[in-house]
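Novice: Coordinates in model.pdb, PDB, C-alpha atoms and all ligand atoms, are listed below.
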ATOM      1  CA  MET H  19      15.910 -17.958  -0.131
ATOM      2  CA  SER H  20      12.591 -16.234   0.490
ATOM      3  CA  ASN H  21      11.832 -13.128  -1.543
ATOM      4  CA  ALA H  22       9.564 -11.761   1.172
ATOM      5  CA  VAL H  23      10.150  -8.115   2.048
ATOM      6  CA  LEU H  24       8.205  -8.340   5.290
ATOM      7  CA  GLN H  25       8.523 -11.660   7.060
ATOM      8  CA  MET H  26       7.119 -12.610  10.443
ATOM      9  CA  GLN H  27       7.596 -16.084  11.897
ATOM     10  CA  GLY H  28       6.614 -17.663  15.210
ATOM     11  CA  ILE H  29       5.355 -14.313  16.462
ATOM     12  CA  ASN H  30       3.859 -14.101  19.931
ATOM     13  CA  ARG H  31       2.404 -10.938  21.401
ATOM     14  CA  THR H  32       0.750 -11.010  24.809
ATOM     15  CA  TYR H  33      -0.391  -8.007  26.800
ATOM     16  CA  GLY H  34      -0.267  -8.220  30.593
ATOM     17  CA  GLU H  35       0.699 -11.154  32.774
ATOM     18  CA  GLY H  36      -0.757 -14.000  34.806
ATOM     19  CA  LYS H  37      -4.521 -14.229  34.888
ATOM     20  CA  HIS H  38      -4.782 -10.829  33.172
ATOM     21  CA  ALA H  39      -2.685 -11.954  30.211
ATOM     22  CA  LEU H  40      -4.267 -11.335  26.827
ATOM     23  CA  THR H  41      -2.632 -13.168  23.942
ATOM     24  CA  ILE H  42      -3.182 -11.490  20.581
ATOM     25  CA  LEU H  43      -0.790 -13.484  18.413
ATOM     26  CA  ASP H  44       0.637 -16.917  19.089
ATOM     27  CA  ASP H  45       3.097 -18.579  16.709
ATOM     28  CA  ALA H  46       1.724 -16.331  13.963
ATOM     29  CA  GLU H  47       3.346 -15.844  10.592
ATOM     30  CA  LEU H  48       3.005 -13.506   7.644
ATOM     31  CA  SER H  49       5.084 -12.954   4.553
ATOM     32  CA  ILE H  50       4.619 -10.164   2.006
ATOM     33  CA  SER H  51       6.591  -9.919  -1.248
ATOM     34  CA  ARG H  52       7.678  -6.962  -3.360
ATOM     35  CA  GLY H  53       4.754  -5.226  -5.047
ATOM     36  CA  GLU H  54       2.234  -7.293  -3.106
ATOM     37  CA  LEU H  55      -0.816  -5.699  -1.513
ATOM     38  CA  VAL H  56      -2.269  -7.600   1.407
ATOM     39  CA  ALA H  57      -5.543  -6.559   3.018
ATOM     40  CA  LEU H  58      -5.965  -7.064   6.754
ATOM     41  CA  VAL H  59      -9.652  -7.464   7.580
ATOM     42  CA  ALA H  60     -10.656  -8.392  11.111
ATOM     43  CA  PRO H  61     -13.238  -7.309  13.677
ATOM     44  CA  SER H  62     -12.403  -4.538  16.090
ATOM     45  CA  GLY H  63     -10.289  -5.837  18.957
ATOM     46  CA  ALA H  64      -8.882  -8.773  16.960
ATOM     47  CA  GLY H  65      -5.384  -7.282  16.918
ATOM     48  CA  LYS H  66      -5.028  -5.302  13.684
ATOM     49  CA  SER H  67      -3.313  -2.355  15.380
ATOM     50  CA  THR H  68      -1.080  -4.734  17.298
ATOM     51  CA  LEU H  69      -0.002  -6.414  14.068
ATOM     52  CA  LEU H  70       0.615  -3.062  12.331
ATOM     53  CA  HIS H  71       2.604  -1.837  15.348
ATOM     54  CA  LEU H  72       4.754  -4.972  15.308
ATOM     55  CA  ALA H  73       5.346  -4.744  11.554
ATOM     56  CA  GLY H  74       6.086  -1.023  11.927
ATOM     57  CA  LEU H  75       8.653  -1.669  14.673
ATOM     58  CA  LEU H  76       6.610   0.371  17.115
ATOM     59  CA  GLU H  77       6.243  -2.661  19.386
ATOM     60  CA  ARG H  78       8.431  -5.705  19.892
ATOM     61  CA  PRO H  79       7.009  -9.240  19.780
ATOM     62  CA  ASP H  80       7.393 -11.330  22.932
ATOM     63  CA  ALA H  81       8.762 -14.132  20.759
ATOM     64  CA  GLY H  82       9.452 -14.867  17.117
ATOM     65  CA  SER H  83      11.346 -13.276  14.281
ATOM     66  CA  LEU H  84      10.468 -10.305  12.139
ATOM     67  CA  SER H  85      12.572  -9.198   9.205
ATOM     68  CA  ILE H  86      12.303  -6.328   6.770
ATOM     69  CA  GLY H  87      14.275  -6.508   3.546
ATOM     70  CA  GLY H  88      16.181  -9.474   4.966
ATOM     71  CA  VAL H  89      17.252  -7.594   8.110
ATOM     72  CA  GLU H  90      16.224  -9.384  11.301
ATOM     73  CA  CYS H  91      14.797  -6.615  13.454
ATOM     74  CA  GLY H  92      14.579  -8.483  16.782
ATOM     75  CA  GLN H  93      18.192  -7.909  17.741
ATOM     76  CA  LEU H  94      18.374  -4.265  16.696
ATOM     77  CA  ASN H  95      18.704  -1.528  19.285
ATOM     78  CA  ASP H  96      16.188   1.312  19.514
ATOM     79  CA  ASN H  97      18.272   3.743  17.427
ATOM     80  CA  HIS H  98      18.583   1.256  14.599
ATOM     81  CA  ARG H  99      14.859   0.481  14.759
ATOM     82  CA  THR H 100      14.053   4.193  14.610
ATOM     83  CA  ARG H 101      16.262   4.541  11.529
ATOM     84  CA  MET H 102      14.546   1.591   9.854
ATOM     85  CA  ARG H 103      11.151   3.078  10.696
ATOM     86  CA  ARG H 104      12.189   6.317   9.059
ATOM     87  CA  LEU H 105      13.770   4.820   5.937
ATOM     88  CA  ASP H 106      12.274   1.391   5.340
ATOM     89  CA  ILE H 107       8.686   1.757   6.505
ATOM     90  CA  GLY H 108       5.957   4.130   5.330
ATOM     91  CA  PHE H 109       2.806   4.692   7.384
ATOM     92  CA  VAL H 110      -0.600   5.928   6.221
ATOM     93  CA  TYR H 111      -3.314   6.473   8.806
ATOM     94  CA  GLN H 112      -7.062   7.068   8.566
ATOM     95  CA  PHE H 113      -6.512  10.750   9.312
ATOM     96  CA  HIS H 114      -3.807  12.421   7.287
ATOM     97  CA  HIS H 115      -1.761  13.926  10.165
ATOM     98  CA  LEU H 116      -0.208  16.469   7.813
ATOM     99  CA  LEU H 117       1.469  19.458   9.441
ATOM    100  CA  PRO H 118      -1.037  22.323   9.086
ATOM    101  CA  GLU H 119       1.509  25.132   8.739
ATOM    102  CA  LEU H 120       3.359  23.438   5.864
ATOM    103  CA  ASP H 121       2.061  23.250   2.305
ATOM    104  CA  ALA H 122       1.670  19.934   0.456
ATOM    105  CA  ARG H 123       5.163  20.059  -1.073
ATOM    106  CA  GLU H 124       6.779  20.897   2.282
ATOM    107  CA  ASN H 125       4.887  18.105   4.024
ATOM    108  CA  VAL H 126       6.235  15.612   1.484
ATOM    109  CA  ALA H 127       9.728  17.119   1.522
ATOM    110  CA  LEU H 128      10.043  16.967   5.320
ATOM    111  CA  PRO H 129      10.842  13.242   5.797
ATOM    112  CA  GLN H 130      13.557  13.583   3.163
ATOM    113  CA  LEU H 131      15.097  16.577   4.931
ATOM    114  CA  ILE H 132      15.095  14.589   8.176
ATOM    115  CA  ALA H 133      16.851  11.767   6.307
ATOM    116  CA  GLY H 134      19.575  14.213   5.219
ATOM    117  CA  CYS H 135      18.475  15.124   1.700
ATOM    118  CA  SER H 136      19.123  18.653   0.353
ATOM    119  CA  PRO H 137      16.084  20.993   0.200
ATOM    120  CA  SER H 138      16.224  21.278  -3.590
ATOM    121  CA  GLN H 139      16.342  17.498  -4.065
ATOM    122  CA  ALA H 140      13.596  17.022  -1.481
ATOM    123  CA  ASN H 141      11.306  19.536  -3.190
ATOM    124  CA  GLU H 142      12.008  18.061  -6.601
ATOM    125  CA  ARG H 143      11.109  14.559  -5.483
ATOM    126  CA  ALA H 144       8.040  15.853  -3.637
ATOM    127  CA  ASP H 145       6.849  17.442  -6.888
ATOM    128  CA  VAL H 146       7.401  14.226  -8.850
ATOM    129  CA  LEU H 147       5.299  12.273  -6.357
ATOM    130  CA  LEU H 148       2.536  14.869  -6.109
ATOM    131  CA  ASP H 149       2.391  14.830  -9.905
ATOM    132  CA  HIS H 150       2.255  11.017  -9.919
ATOM    133  CA  LEU H 151      -0.678  11.184  -7.503
ATOM    134  CA  GLY H 152      -2.477  13.753  -9.652
ATOM    135  CA  ILE H 153      -2.202  16.698  -7.254
ATOM    136  CA  ALA H 154       0.745  18.670  -8.687
ATOM    137  CA  LYS H 155      -1.415  21.772  -8.937
ATOM    138  CA  ARG H 156      -2.062  21.693  -5.190
ATOM    139  CA  ALA H 157       1.622  21.582  -4.178
ATOM    140  CA  SER H 158       1.675  25.020  -2.575
ATOM    141  CA  HIS H 159      -1.616  24.638  -0.723
ATOM    142  CA  ARG H 160      -1.777  23.954   2.981
ATOM    143  CA  PRO H 161      -3.779  20.948   4.230
ATOM    144  CA  SER H 162      -6.719  23.163   5.274
ATOM    145  CA  GLU H 163      -7.037  24.259   1.635
ATOM    146  CA  LEU H 164      -7.168  20.696   0.302
ATOM    147  CA  SER H 165     -10.091  18.280   0.002
ATOM    148  CA  GLY H 166     -10.084  15.074   2.085
ATOM    149  CA  GLY H 167      -8.966  13.011  -0.905
ATOM    150  CA  GLU H 168      -6.175  15.451  -1.726
ATOM    151  CA  GLN H 169      -4.998  15.499   1.874
ATOM    152  CA  GLN H 170      -4.861  11.726   1.909
ATOM    153  CA  ARG H 171      -2.904  11.626  -1.350
ATOM    154  CA  VAL H 172      -0.364  14.039   0.163
ATOM    155  CA  ALA H 173      -0.140  11.714   3.178
ATOM    156  CA  ILE H 174       0.502   8.777   0.836
ATOM    157  CA  ALA H 175       3.212  10.741  -0.997
ATOM    158  CA  ARG H 176       4.814  11.576   2.350
ATOM    159  CA  ALA H 177       4.711   7.908   3.408
ATOM    160  CA  VAL H 178       6.577   6.687   0.332
ATOM    161  CA  VAL H 179       8.898   9.612  -0.328
ATOM    162  CA  ASN H 180      11.946   7.974   1.247
ATOM    163  CA  GLN H 181      11.336   4.876  -0.892
ATOM    164  CA  PRO H 182      10.533   2.516   1.975
ATOM    165  CA  LYS H 183      10.400  -1.243   1.506
ATOM    166  CA  VAL H 184       7.149  -1.690   3.421
ATOM    167  CA  LEU H 185       3.955   0.359   3.457
ATOM    168  CA  LEU H 186       1.593  -0.031   6.410
ATOM    169  CA  ALA H 187      -1.810   1.562   6.299
ATOM    170  CA  ASP H 188      -4.656   1.687   8.790
ATOM    171  CA  GLU H 189      -8.007   2.447   7.119
ATOM    172  CA  PRO H 190      -6.301   4.803   4.628
ATOM    173  CA  THR H 191      -9.601   5.683   2.962
ATOM    174  CA  GLY H 192     -11.859   5.223   5.974
ATOM    175  CA  ASN H 193     -12.529   8.924   6.288
ATOM    176  CA  LEU H 194     -13.489   9.513   2.639
ATOM    177  CA  ASP H 195     -16.713   9.278   0.662
ATOM    178  CA  PRO H 196     -16.948   6.169  -1.591
ATOM    179  CA  SER H 197     -15.917   7.763  -4.904
ATOM    180  CA  THR H 198     -12.998   9.667  -3.361
ATOM    181  CA  SER H 199     -12.040   6.501  -1.514
ATOM    182  CA  ASP H 200     -11.825   4.621  -4.827
ATOM    183  CA  LEU H 201      -9.680   7.361  -6.345
ATOM    184  CA  VAL H 202      -7.250   7.427  -3.428
ATOM    185  CA  PHE H 203      -7.145   3.648  -3.264
ATOM    186  CA  ASP H 204      -6.334   3.433  -6.993
ATOM    187  CA  ALA H 205      -3.490   5.908  -6.503
ATOM    188  CA  LEU H 206      -2.207   3.855  -3.591
ATOM    189  CA  THR H 207      -2.293   0.513  -5.423
ATOM    190  CA  ASP H 208      -0.688   2.056  -8.476
ATOM    191  CA  LEU H 209       2.168   3.352  -6.377
ATOM    192  CA  VAL H 210       2.667   0.047  -4.548
ATOM    193  CA  ARG H 211       2.748  -1.946  -7.782
ATOM    194  CA  SER H 212       4.992   0.488  -9.656
ATOM    195  CA  THR H 213       7.529   0.869  -6.846
ATOM    196  CA  GLY H 214       7.641  -2.727  -5.615
ATOM    197  CA  LEU H 215       6.638  -1.889  -2.068
ATOM    198  CA  ALA H 216       5.214  -4.615   0.161
ATOM    199  CA  ALA H 217       1.934  -3.302   1.560
ATOM    200  CA  LEU H 218      -0.220  -4.370   4.497
ATOM    201  CA  ILE H 219      -3.466  -2.421   4.573
ATOM    202  CA  ALA H 220      -6.038  -2.718   7.346
ATOM    203  CA  THR H 221      -9.533  -1.969   6.113
ATOM    204  CA  HIS H 222     -13.152  -2.732   6.891
ATOM    205  CA  ASN H 223     -14.031  -2.171   3.258
ATOM    206  CA  HIS H 224     -14.505  -5.562   1.602
ATOM    207  CA  ASP H 225     -14.683  -4.034  -1.890
ATOM    208  CA  LEU H 226     -11.229  -2.513  -1.470
ATOM    209  CA  ALA H 227      -9.912  -5.712   0.093
ATOM    210  CA  ALA H 228     -11.149  -7.643  -2.957
ATOM    211  CA  GLN H 229      -8.960  -5.474  -5.194
ATOM    212  CA  MET H 230      -5.797  -6.413  -3.305
ATOM    213  CA  ASP H 231      -3.728  -9.519  -3.992
ATOM    214  CA  ARG H 232      -5.037 -11.371  -0.948
ATOM    215  CA  THR H 233      -6.792 -10.822   2.343
ATOM    216  CA  VAL H 234      -5.719 -12.047   5.743
ATOM    217  CA  THR H 235      -7.454 -11.964   9.087
ATOM    218  CA  ILE H 236      -6.510 -12.713  12.696
ATOM    219  CA  ARG H 237      -8.216 -15.841  13.976
ATOM    220  CA  ASP H 238      -7.321 -17.958  17.027
ATOM    221  CA  ASN H 239      -4.190 -15.802  17.448
ATOM    222  CA  LYS H 240      -2.920 -16.667  13.955
ATOM    223  CA  ILE H 241      -2.744 -14.635  10.761
ATOM    224  CA  VAL H 242      -4.769 -16.663   8.279
ATOM    225  CA  PRO H 243      -6.302 -16.166   4.825
ATOM    226  CA  LEU H 244      -9.805 -14.701   5.032
ATOM    227  CA  THR H 245     -12.136 -17.179   3.417
TER     228      THR H 245
HETATM  229  P1  LIG W 301      -7.822  -3.822  16.632
HETATM  230  O1  LIG W 301      -6.841  -2.857  16.042
HETATM  231  O2  LIG W 301      -8.077  -5.017  15.760
HETATM  232  O3  LIG W 301      -9.102  -3.190  17.073
HETATM  233  P2  LIG W 301      -5.904  -3.953  18.825
HETATM  234  O4  LIG W 301      -4.652  -4.507  18.260
HETATM  235  O5  LIG W 301      -5.968  -2.482  19.075
HETATM  236  O6  LIG W 301      -7.160  -4.451  17.958
HETATM  237  O7  LIG W 301      -6.198  -4.663  20.229
HETATM  238  C1  LIG W 301      -6.340  -6.068  20.370
HETATM  239  C2  LIG W 301      -6.655  -6.368  21.835
HETATM  240  O8  LIG W 301      -5.507  -6.071  22.627
HETATM  241  C3  LIG W 301      -7.798  -5.543  22.400
HETATM  242  O9  LIG W 301      -8.547  -6.381  23.264
HETATM  243  C4  LIG W 301      -7.101  -4.444  23.186
HETATM  244  O10 LIG W 301      -7.880  -4.019  24.268
HETATM  245  C5  LIG W 301      -5.824  -5.139  23.652
HETATM  246  N1  LIG W 301      -4.684  -4.210  23.779
HETATM  247  C6  LIG W 301      -4.178  -3.437  22.807
HETATM  248  N2  LIG W 301      -3.105  -2.750  23.254
HETATM  249  C7  LIG W 301      -2.962  -3.080  24.562
HETATM  250  C8  LIG W 301      -2.037  -2.697  25.592
HETATM  251  N3  LIG W 301      -1.050  -1.847  25.341
HETATM  252  N4  LIG W 301      -2.200  -3.259  26.801
HETATM  253  C9  LIG W 301      -3.194  -4.138  27.049
HETATM  254  N5  LIG W 301      -4.081  -4.558  26.125
HETATM  255  C10 LIG W 301      -3.968  -4.028  24.892
END
Kindly present the structure from the file in structure tokens form.
Specialist:
Amino acid sequence: MSNAVLQMQGINRTYGEGKHALTILDDAELSISRGELVALVAPSGAGKSTLLHLAGLLERPDAGSLSIGGVECGQLNDNHRTRMRRLDIGFVYQFHHLLPELDARENVALPQLIAGCSPSQANERADVLLDHLGIAKRASHRPSELSGGEQQRVAIARAVVNQPKVLLADEPTGNLDPSTSDLVFDALTDLVRSTGLAALIATHNHDLAAQMDRTVTIRDNKIVPLT
């Protein structure tokens, strides 16, 4: 049996129909194991967002199978997919998308409250994560009072707070200066490796990609190692 957390096989994704059809992925496959960090490096327009949307259950493939933690997601109804998105998948974007009226702790507590956790438990776990990411002292600050690197670390804490199986990130440090980017990236990799997440991280930064376990790209509609 495969120990892949995220597994995609025979995936096809085509936008439009007939002579306007644009095939992004055709019989593509990708497998990511526990604790594995995979960089996704491809030129703009190659299909990175499409792949992240498929893996994040935001889009459905036109063909093929996609499983997360051994659960085949193709047959699931929308409610079940929404629940998996909430509990099994964490997202980190280039811009933090934190809620401006909530402080750092509240932003991290929120996904837990939505998942049914008690406020005291949610706050406690938020504090543990903020501490782990080196920003415990900023817990009661709102996003506007945090630096870019701190905001992004709060966003990372929020993404993993419900202990998802898969972490998907789109240019998570793309908005930061190089030294802050390194700091945030180190915090991210540390978290992935210590929690056994399977991570797929789109980046244009080849230095960061080189620090991950492997790099894939999208070429001729397939997901292939970047050589
Ligand atoms: P990337 O993230 O690598 O820049 P995308 O996955 O956003 O690439 O897009 C890949 C290609 O698919 C692009 O040519 C884009 O215009 C096209 N595309 C993306 N989404 C849609 C859509 N909903 N309908 C039609 N074409 C789309």
Novice: Give the residue list for ligand LIG 301 (chain W) at 8 Å, counting all atoms listed in the file, as a list in words, sorted by chain and then by residue number.
Specialist: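 I would give the residues around ligand LIG 301 (chain W) as Tyr33, Gly34, Leu40, Thr41, Ile42, Ala60, Pro61, Ser62, Gly63, Ala64, Gly65, Lys66, Ser67, Thr68 and Leu69 of chain H.
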Novice: H:Arg232: which residues within 12 Å, counting all atoms listed in the file, same-chain residues fewer than 5 positions away excluded, as a VMD selection string?
Specialist: chain H and resid 48 to 51 54 to 59 217 to 219 224 226 to 227 242 to 245
Novice: Interatomic distance between atom CA of H:Asp195 and atom CA of H:Thr235?
Specialist: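 Rounded to one decimal, the two atoms are 24.7 Å apart.
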Novice: What do you get, as a PyMOL selection string, if you spell out every residue that the PyMOL selection byres (((chain H and resi 44) around 12) and not hetatm) selects here?
Specialist: chain H and resi 26-33+40-43+45-47+65+69+79-82+236-241
Novice: Just how far from atom CA of H:Asp106 is atom CA of H:Lys183, in Å to one decimal?
Specialist: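 These atoms are spaced 5.0 Å apart.
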Novice: Find the distance between atom CA of H:Asp200 and atom CA of H:Leu215 and write it in Å to one decimal.
Specialist: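 So the two atoms, atom CA of H:Asp200 and atom CA of H:Leu215, lie 19.8 Å apart.
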Novice: Go through H:His222, H:Arg211, H:Arg171, H:Arg78 and flag the residue nearest H:Phe113, using only C-alpha atoms for the distances.
Specialist: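 Between H:His222, H:Arg211, H:Arg171, H:Arg78, the residue approaching H:Phe113 most closely is H:Arg171.
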Novice: For H:Pro118, please output as an NGL selection string all residues within 12 Å (counting only C-alpha atoms; exclusion window: fewer than 5 positions along the same chain).
Specialist: :H and (124-125 or 159-164 or 169)
Novice: Restricted to C-alpha atoms, what would the selected residues look like written as a short mmCIF file (atom, residue, chain, number, x, y, z; two decimals), keeping the file's coordinate frame?
Specialist:
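The result, stored in result_30.cif:
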data_model
loop_
_atom_site.label_atom_id
_atom_site.label_comp_id
_atom_site.auth_asym_id
_atom_site.auth_seq_id
_atom_site.Cartn_x
_atom_site.Cartn_y
_atom_site.Cartn_z
CA GLU H 124 6.78 20.90 2.28
CA ASN H 125 4.89 18.10 4.02
CA HIS H 159 -1.62 24.64 -0.72
CA ARG H 160 -1.78 23.95 2.98
CA PRO H 161 -3.78 20.95 4.23
CA SER H 162 -6.72 23.16 5.27
CA GLU H 163 -7.04 24.26 1.64
CA LEU H 164 -7.17 20.70 0.30
CA GLN H 169 -5.00 15.50 1.87
#
Novice: Taking all listed atoms of stretch 109-123 of chain H, build the axis-aligned box, pad each of the six sides by 4 Å, then write its centre and edge lengths in Å to one decimal as lines of an AutoDock Vina configuration file.
Specialist:
center_x = -0.9
center_y = 14.9
center_z = 4.5
size_x = 20.2
size_y = 28.4
size_z = 19.2
Novice: Return as a list of chain:residue names the set of residues that the PyMOL selection byres (((chain H and resi 93) around 12) and not hetatm) yields on the displayed structure.
Specialist: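 When the PyMOL selection byres (((chain H and resi 93) around 12) and not hetatm) is applied to the shown file, the picked residues are H:Leu75, H:Arg78, H:Pro79, H:Ala81, H:Gly82, H:Ser83, H:Leu84, H:Ser85, H:Val89, H:Glu90, H:Cys91, H:Gly92, H:Leu94, H:Asn95, H:Asp96, H:Asn97, H:His98, H:Arg99.
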Novice: Applied to this file, what does the PyMOL selection byres (((chain H and resi 172) around 8) and not hetatm) return in terms of residues, put as a list of chain:residue names?
Specialist: H:Ala122, H:Asn125, H:Val126, H:Leu148, H:Glu168, H:Gln169, H:Gln170, H:Arg171, H:Ala173, H:Ile174, H:Ala175, H:Arg176
Novice: From the list H:Gln139, H:Leu209, H:Ala216, H:His38, which residue is nearest H:Ala22 when using all atoms listed in the file?
Specialist: H:Ala216
Novice: Measuring atom to atom with all atoms listed in the file, identify which of H:Leu70, H:Leu147, H:Leu116, H:Ala133 is nearest to H:Gly166.
Specialist: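 Under the stated criterion, the closest residue is H:Leu116.
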Novice: In the coordinate frame of the file, compute which residues have an atom within 9 Å of (13.1, -0.6, 3.1) when using all atoms listed in the file, and state them as a compact mmCIF listing (two decimals) with C-alpha atoms, keeping the file's coordinate frame.
Specialist:
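As written to disk, selection-v1.txt reads:
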# COMPACT_ATOMS: atom_id res chain seq x y z
CA VAL H 23 10.15 -8.12 2.05
CA ILE H 86 12.30 -6.33 6.77
CA GLY H 87 14.28 -6.51 3.55
CA MET H 102 14.55 1.59 9.85
CA ARG H 103 11.15 3.08 10.70
CA LEU H 105 13.77 4.82 5.94
CA ASP H 106 12.27 1.39 5.34
CA ILE H 107 8.69 1.76 6.50
CA GLY H 108 5.96 4.13 5.33
CA ASN H 180 11.95 7.97 1.25
CA GLN H 181 11.34 4.88 -0.89
CA PRO H 182 10.53 2.52 1.98
CA LYS H 183 10.40 -1.24 1.51
CA VAL H 184 7.15 -1.69 3.42
CA LEU H 215 6.64 -1.89 -2.07
